[in-house]
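*Asks:* my_file33.pdb is reproduced in full below (PDB, C-alpha atoms and all ligand atoms).
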ATOM      1  CA  MET A   1     -35.106 -30.373  13.324
ATOM      2  CA  ALA A   2     -32.541 -31.849  10.962
ATOM      3  CA  SER A   3     -29.094 -32.307  12.474
ATOM      4  CA  SER A   4     -26.384 -29.940  11.348
ATOM      5  CA  ILE A   5     -23.405 -30.818   9.211
ATOM      6  CA  SER A   6     -20.032 -29.128   9.446
ATOM      7  CA  ILE A   7     -18.852 -27.700   6.138
ATOM      8  CA  THR A   8     -15.773 -25.748   5.126
ATOM      9  CA  VAL A   9     -16.062 -23.514   2.091
ATOM     10  CA  GLU A  10     -13.550 -21.043   0.734
ATOM     11  CA  VAL A  11     -15.483 -17.930  -0.197
ATOM     12  CA  ASP A  12     -13.728 -15.015  -1.902
ATOM     13  CA  GLY A  13     -10.392 -16.345  -0.702
ATOM     14  CA  VAL A  14     -11.362 -16.856   2.945
ATOM     15  CA  SER A  15     -12.050 -20.265   4.470
ATOM     16  CA  TYR A  16     -15.254 -20.542   6.532
ATOM     17  CA  THR A  17     -16.266 -23.535   8.640
ATOM     18  CA  ASP A  18     -19.905 -23.622   9.744
ATOM     19  CA  ASP A  19     -22.538 -26.020  10.965
ATOM     20  CA  VAL A  20     -25.456 -25.951   8.540
ATOM     21  CA  GLU A  21     -28.722 -27.786   8.132
ATOM     22  CA  PRO A  22     -28.671 -30.130   5.135
ATOM     23  CA  ARG A  23     -31.580 -28.252   3.554
ATOM     24  CA  LEU A  24     -29.858 -24.836   3.694
ATOM     25  CA  LEU A  25     -29.385 -23.439   0.195
ATOM     26  CA  LEU A  26     -25.968 -22.142  -0.783
ATOM     27  CA  VAL A  27     -27.407 -18.695  -1.485
ATOM     28  CA  GLN A  28     -28.851 -18.550   2.030
ATOM     29  CA  HIS A  29     -25.545 -19.635   3.493
ATOM     30  CA  LEU A  30     -23.682 -16.957   1.565
ATOM     31  CA  ARG A  31     -26.113 -14.189   2.426
ATOM     32  CA  GLU A  32     -27.331 -15.030   5.900
ATOM     33  CA  ARG A  33     -24.331 -16.718   7.469
ATOM     34  CA  LEU A  34     -21.386 -15.177   5.638
ATOM     35  CA  GLY A  35     -22.816 -11.711   4.908
ATOM     36  CA  LYS A  36     -22.242 -11.948   1.155
ATOM     37  CA  THR A  37     -25.366  -9.958   0.380
ATOM     38  CA  GLY A  38     -24.236  -9.010  -3.112
ATOM     39  CA  THR A  39     -25.521 -12.421  -4.181
ATOM     40  CA  LEU A  40     -29.229 -11.802  -4.612
ATOM     41  CA  ILE A  41     -32.377 -13.890  -4.590
ATOM     42  CA  GLY A  42     -34.746 -12.963  -7.385
ATOM     43  CA  CYS A  43     -36.876 -16.057  -7.786
ATOM     44  CA  ASP A  44     -35.653 -18.983  -5.688
ATOM     45  CA  THR A  45     -36.674 -21.264  -8.565
ATOM     46  CA  THR A  46     -33.544 -21.341 -10.768
ATOM     47  CA  ASN A  47     -35.002 -18.949 -13.299
ATOM     48  CA  CYS A  48     -33.537 -15.484 -12.849
ATOM     49  CA  GLY A  49     -29.791 -15.951 -12.293
ATOM     50  CA  ALA A  50     -29.543 -13.173  -9.678
ATOM     51  CA  CYS A  51     -27.897 -15.666  -7.331
ATOM     52  CA  THR A  52     -25.125 -16.692  -9.759
ATOM     53  CA  VAL A  53     -21.710 -17.341  -8.193
ATOM     54  CA  HIS A  54     -18.661 -19.287  -9.300
ATOM     55  CA  LEU A  55     -18.038 -22.714  -7.816
ATOM     56  CA  ASP A  56     -14.464 -23.755  -8.524
ATOM     57  CA  GLY A  57     -14.469 -21.228 -11.340
ATOM     58  CA  VAL A  58     -17.710 -22.393 -12.961
ATOM     59  CA  SER A  59     -20.885 -20.326 -12.734
ATOM     60  CA  VAL A  60     -23.754 -21.877 -10.794
ATOM     61  CA  LYS A  61     -27.076 -20.627  -9.530
ATOM     62  CA  SER A  62     -26.594 -20.739  -5.789
ATOM     63  CA  CYS A  63     -30.326 -21.176  -5.122
ATOM     64  CA  THR A  64     -30.070 -24.450  -7.003
ATOM     65  CA  MET A  65     -27.647 -26.194  -4.709
ATOM     66  CA  PHE A  66     -27.363 -26.888  -1.018
ATOM     67  CA  ALA A  67     -24.629 -25.353   1.082
ATOM     68  CA  VAL A  68     -23.394 -28.843   1.980
ATOM     69  CA  GLN A  69     -22.653 -29.465  -1.712
ATOM     70  CA  ALA A  70     -20.096 -26.645  -1.576
ATOM     71  CA  ASP A  71     -18.167 -28.350   1.206
ATOM     72  CA  GLY A  72     -14.505 -28.457   0.245
ATOM     73  CA  HIS A  73     -14.981 -26.182  -2.743
ATOM     74  CA  GLN A  74     -14.124 -22.606  -3.675
ATOM     75  CA  VAL A  75     -16.864 -20.041  -4.187
ATOM     76  CA  THR A  76     -16.437 -16.601  -5.689
ATOM     77  CA  THR A  77     -19.189 -14.042  -5.212
ATOM     78  CA  ILE A  78     -19.606 -10.576  -6.686
ATOM     79  CA  GLU A  79     -17.796  -9.246  -3.606
ATOM     80  CA  GLY A  80     -14.802 -11.330  -4.598
ATOM     81  CA  MET A  81     -14.551  -9.754  -8.042
ATOM     82  CA  ALA A  82     -13.156  -6.430  -6.843
ATOM     83  CA  GLN A  83      -9.535  -6.533  -5.716
ATOM     84  CA  ASN A  84      -7.991  -4.148  -3.166
ATOM     85  CA  GLY A  85     -11.031  -1.894  -3.353
ATOM     86  CA  LYS A  86     -10.774  -1.614  -7.138
ATOM     87  CA  LEU A  87     -13.564  -2.804  -9.402
ATOM     88  CA  ALA A  88     -12.761  -5.702 -11.707
ATOM     89  CA  PRO A  89     -12.547  -4.703 -15.395
ATOM     90  CA  LEU A  90     -15.912  -6.345 -16.053
ATOM     91  CA  GLN A  91     -17.556  -4.408 -13.213
ATOM     92  CA  GLU A  92     -15.971  -1.229 -14.551
ATOM     93  CA  ALA A  93     -17.252  -2.028 -18.052
ATOM     94  CA  PHE A  94     -20.814  -2.512 -16.791
ATOM     95  CA  HIS A  95     -20.534   0.846 -15.052
ATOM     96  CA  GLN A  96     -19.016   2.634 -18.047
ATOM     97  CA  CYS A  97     -21.513   1.213 -20.534
ATOM     98  CA  HIS A  98     -24.457   1.672 -18.180
ATOM     99  CA  ALA A  99     -25.285  -2.012 -18.532
ATOM    100  CA  LEU A 100     -27.702  -1.829 -15.640
ATOM    101  CA  GLN A 101     -30.787   0.010 -14.495
ATOM    102  CA  CYS A 102     -31.946  -0.866 -10.984
ATOM    103  CA  GLY A 103     -28.928  -3.160 -10.614
ATOM    104  CA  PHE A 104     -30.784  -6.115  -9.112
ATOM    105  CA  CYS A 105     -29.750  -8.520 -11.840
ATOM    106  CA  THR A 106     -26.257  -7.014 -12.153
ATOM    107  CA  PRO A 107     -24.277  -9.257  -9.770
ATOM    108  CA  GLY A 108     -25.591 -12.360 -11.513
ATOM    109  CA  MET A 109     -25.086 -10.838 -14.945
ATOM    110  CA  ILE A 110     -21.479 -10.005 -14.108
ATOM    111  CA  MET A 111     -20.730 -13.441 -12.687
ATOM    112  CA  GLN A 112     -22.269 -15.147 -15.714
ATOM    113  CA  SER A 113     -20.503 -12.742 -18.085
ATOM    114  CA  ALA A 114     -17.180 -13.549 -16.428
ATOM    115  CA  SER A 115     -17.791 -17.252 -17.047
ATOM    116  CA  LEU A 116     -18.764 -16.605 -20.618
ATOM    117  CA  LEU A 117     -15.641 -14.543 -21.280
ATOM    118  CA  LYS A 118     -13.449 -17.171 -19.641
ATOM    119  CA  GLU A 119     -14.739 -19.753 -22.114
ATOM    120  CA  ASN A 120     -14.945 -17.375 -25.053
ATOM    121  CA  PRO A 121     -12.905 -14.150 -24.733
ATOM    122  CA  HIS A 122     -14.332 -12.666 -27.933
ATOM    123  CA  PRO A 123     -18.012 -13.613 -28.105
ATOM    124  CA  THR A 124     -20.286 -12.380 -30.818
ATOM    125  CA  GLU A 125     -23.489 -10.572 -29.914
ATOM    126  CA  THR A 126     -25.395 -13.810 -30.523
ATOM    127  CA  GLU A 127     -23.035 -15.737 -28.250
ATOM    128  CA  ILE A 128     -23.460 -13.100 -25.527
ATOM    129  CA  ARG A 129     -27.246 -13.322 -25.841
ATOM    130  CA  GLU A 130     -27.082 -17.111 -25.593
ATOM    131  CA  GLY A 131     -24.545 -16.999 -22.765
ATOM    132  CA  LEU A 132     -26.751 -14.744 -20.669
ATOM    133  CA  GLU A 133     -30.078 -16.366 -21.486
ATOM    134  CA  GLY A 134     -30.277 -17.884 -17.994
ATOM    135  CA  ASN A 135     -30.146 -14.450 -16.407
ATOM    136  CA  LEU A 136     -33.255 -12.282 -16.374
ATOM    137  CA  CYS A 137     -33.447  -8.505 -16.081
ATOM    138  CA  ARG A 138     -36.758  -7.304 -14.722
ATOM    139  CA  CYS A 139     -35.916  -3.794 -15.967
ATOM    140  CA  THR A 140     -35.550  -5.322 -19.448
ATOM    141  CA  GLY A 141     -32.226  -3.528 -19.824
ATOM    142  CA  TYR A 142     -30.857  -6.132 -22.149
ATOM    143  CA  GLN A 143     -29.641  -3.985 -25.028
ATOM    144  CA  THR A 144     -26.857  -2.321 -23.062
ATOM    145  CA  LEU A 145     -25.627  -5.696 -21.898
ATOM    146  CA  TRP A 146     -24.514  -6.766 -25.352
ATOM    147  CA  LEU A 147     -24.254  -3.613 -27.410
ATOM    148  CA  PRO A 148     -21.072  -1.494 -27.324
TER     149      PRO A 148
HETATM  150  S1  LIG A 201     -32.621 -16.676  -7.205
HETATM  151 FE1  LIG A 201     -31.453 -18.249  -8.097
HETATM  152  S2  LIG A 201     -32.047 -18.280 -10.156
HETATM  153 FE2  LIG A 201     -33.316 -16.744  -9.266
HETATM  154  S1  LIG A 202     -31.202  -3.716 -14.146
HETATM  155 FE1  LIG A 202     -32.969  -3.973 -12.941
HETATM  156  S2  LIG A 202     -33.270  -6.109 -12.960
HETATM  157 FE2  LIG A 202     -31.749  -5.788 -14.408
END
Output the structure of this file as structure tokens.
*Replies:*
Amino acid sequence: MASSISITVEVDGVSYTDDVEPRLLLVQHLRERLGKTGTLIGCDTTNCGACTVHLDGVSVKSCTMFAVQADGHQVTTIEGMAQNGKLAPLQEAFHQCHALQCGFCTPGMIMQSASLLKENPHPTETEIREGLEGNLCRCTGYQTLWLP
């Protein structure tokens, strides 16, 4: 068995120090060790985007990196978007516009949308389509994601 490595990662504003195997994926660390089960695993092959989180404010697919690579960094998950029990405006907008069906892709879609809006606060429909092209919806509920 590979020896463990001690890592410290700030997740949703809380610092966690854990011993992890070098091969442990960040998404597994978040879900299985830290209980952040809002970050989902849809493919495990960097295709679907369900596992998208923010690493130091930049969206990443957490099945694409090892937990040890997050050592010393800040991670925000979908659980970290709501503040004081209140949904973030983007979460509220998804709810209001029914931009979801089964909801499996929704955490990743919201995290990627937040990144997109941070870079471009007023994207066109084309820019939204391009910005979310790394996130798949198995319900094919795409239209409500970019139409008002
Ligand atoms: S689970 Fe990470 S991209 Fe699909
Ligand atoms: S709403 Fe079901 S996978 Fe997107």
*Asks:* Could you write out as number ranges by chain the residues that the PyMOL selection byres (((chain A and resi 73) around 7) and not hetatm) matches in the shown file?
*Replies:* A: 9-10, 55-56, 70-72, 74-75
*Asks:* Between CA of Gln91 (chain A) and CA of Ser15 (chain A), what distance in Å does the model show, to one decimal?
*Replies:*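 Value for the CA of Gln91 (chain A)-CA of Ser15 (chain A) distance: 24.4 Å.
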*Asks:* Kindly give the distance, in Å, that separates CA of Phe66 (chain A) and CA of Gly80 (chain A), rounded to a single decimal.
*Replies:*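 Between these atoms lies a distance of 20.3 Å.
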*Asks:* Output as a tab-separated table one row per residue of chain A within 6 Å of ligand LIG 201 (chain A): the closest atom pair and its distance in Å to one decimal place, counting only C-alpha atoms and all ligand atoms, sorted by chain and residue number ascending.
*Replies:*
residue	atom	partner	partner_atom	distance
A:Ile41	CA	A:LIG201	S1	3.8
A:Gly42	CA	A:LIG201	S1	4.3
A:Cys43	CA	A:LIG201	FE2	3.9
A:Asp44	CA	A:LIG201	S1	4.1
A:Thr45	CA	A:LIG201	FE2	5.7
A:Thr46	CA	A:LIG201	S2	3.5
A:Asn47	CA	A:LIG201	S2	4.4
A:Cys48	CA	A:LIG201	FE2	3.8
A:Gly49	CA	A:LIG201	S2	3.9
A:Ala50	CA	A:LIG201	FE2	5.2
A:Cys51	CA	A:LIG201	FE1	4.5
A:Lys61	CA	A:LIG201	FE1	5.2
A:Ser62	CA	A:LIG201	FE1	5.9
A:Cys63	CA	A:LIG201	FE1	4.3
*Asks:* Here is a test: counting all atoms listed in the file, which residue of A:Leu116, A:Val14, A:Leu40, A:Val53 is nearest to ligand LIG 202 (chain A)?
*Replies:*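 Checking each of A:Leu116, A:Val14, A:Leu40, A:Val53 against ligand LIG 202 (chain A), counting all atoms listed in the file, the winner is A:Leu40.
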*Asks:* Give me the result of the PyMOL selection byres (((chain A and resi 117) around 12) and not hetatm) on this file, residue by residue, as a short mmCIF file (atom, residue, chain, number, x, y, z; two decimals) with C-alpha atoms, keeping the file's coordinate frame.
*Replies:*
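Dumped to part-v9.cif:
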data_model
loop_
_atom_site.label_atom_id
_atom_site.label_comp_id
_atom_site.auth_asym_id
_atom_site.auth_seq_id
_atom_site.Cartn_x
_atom_site.Cartn_y
_atom_site.Cartn_z
CA VAL A 58 -17.71 -22.39 -12.96
CA SER A 59 -20.88 -20.33 -12.73
CA PRO A 89 -12.55 -4.70 -15.40
CA LEU A 90 -15.91 -6.34 -16.05
CA MET A 109 -25.09 -10.84 -14.94
CA ILE A 110 -21.48 -10.01 -14.11
CA MET A 111 -20.73 -13.44 -12.69
CA GLN A 112 -22.27 -15.15 -15.71
CA SER A 113 -20.50 -12.74 -18.08
CA ALA A 114 -17.18 -13.55 -16.43
CA SER A 115 -17.79 -17.25 -17.05
CA LEU A 116 -18.76 -16.60 -20.62
CA LYS A 118 -13.45 -17.17 -19.64
CA GLU A 119 -14.74 -19.75 -22.11
CA ASN A 120 -14.94 -17.38 -25.05
CA PRO A 121 -12.90 -14.15 -24.73
CA HIS A 122 -14.33 -12.67 -27.93
CA PRO A 123 -18.01 -13.61 -28.10
CA THR A 124 -20.29 -12.38 -30.82
CA GLU A 127 -23.04 -15.74 -28.25
CA ILE A 128 -23.46 -13.10 -25.53
CA GLY A 131 -24.54 -17.00 -22.76
CA LEU A 132 -26.75 -14.74 -20.67
#
*Asks:* Which protein, DNA or RNA residues have an atom within 9 Å of ligand LIG 202 (chain A), counting all atoms listed in the file, as a ChimeraX atom specification?
*Replies:* /A:42,50,99-106,109,136-142
*Asks:* Between CA of Ser4 (chain A) and CA of Gly38 (chain A), what is the spacing in Å?
*Replies:* 25.5 Å
*Asks:* When you count all atoms listed in the file, which of these residues is closest to Glu79 (chain A): A:Val20, A:Leu34, A:Leu145, A:Ile5?
*Replies:*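 Counting all atoms listed in the file, the residue closest to Glu79 (chain A) is A:Leu34.
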*Asks:* Rank A:Val68, A:Val60, A:Leu24, A:Ala93 by their smallest atom-to-atom distance to Asn135 (chain A), using all atoms listed in the file, and report the top residue only.
*Replies:*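 Among the listed residues, A:Val60 lies closest to Asn135 (chain A).
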*Asks:* Using all atoms listed in the file, find the one residue out of A:Leu30, A:Leu25, A:Ile7, A:Met65 that sits nearest to Thr77 (chain A).
*Replies:*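 With all atoms listed in the file as the atom set, the closest residue is A:Leu30.
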*Asks:* Emit as AutoDock Vina command-line options the padded axis-aligned box for all listed atoms of region 68-76 of chain A, 4 Å per side, with centre and edge lengths in Å to one decimal.
*Replies:*
--center_x -18.8 --center_y -23.0 --center_z -1.9 --size_x 17.3 --size_y 20.9 --size_z 15.7
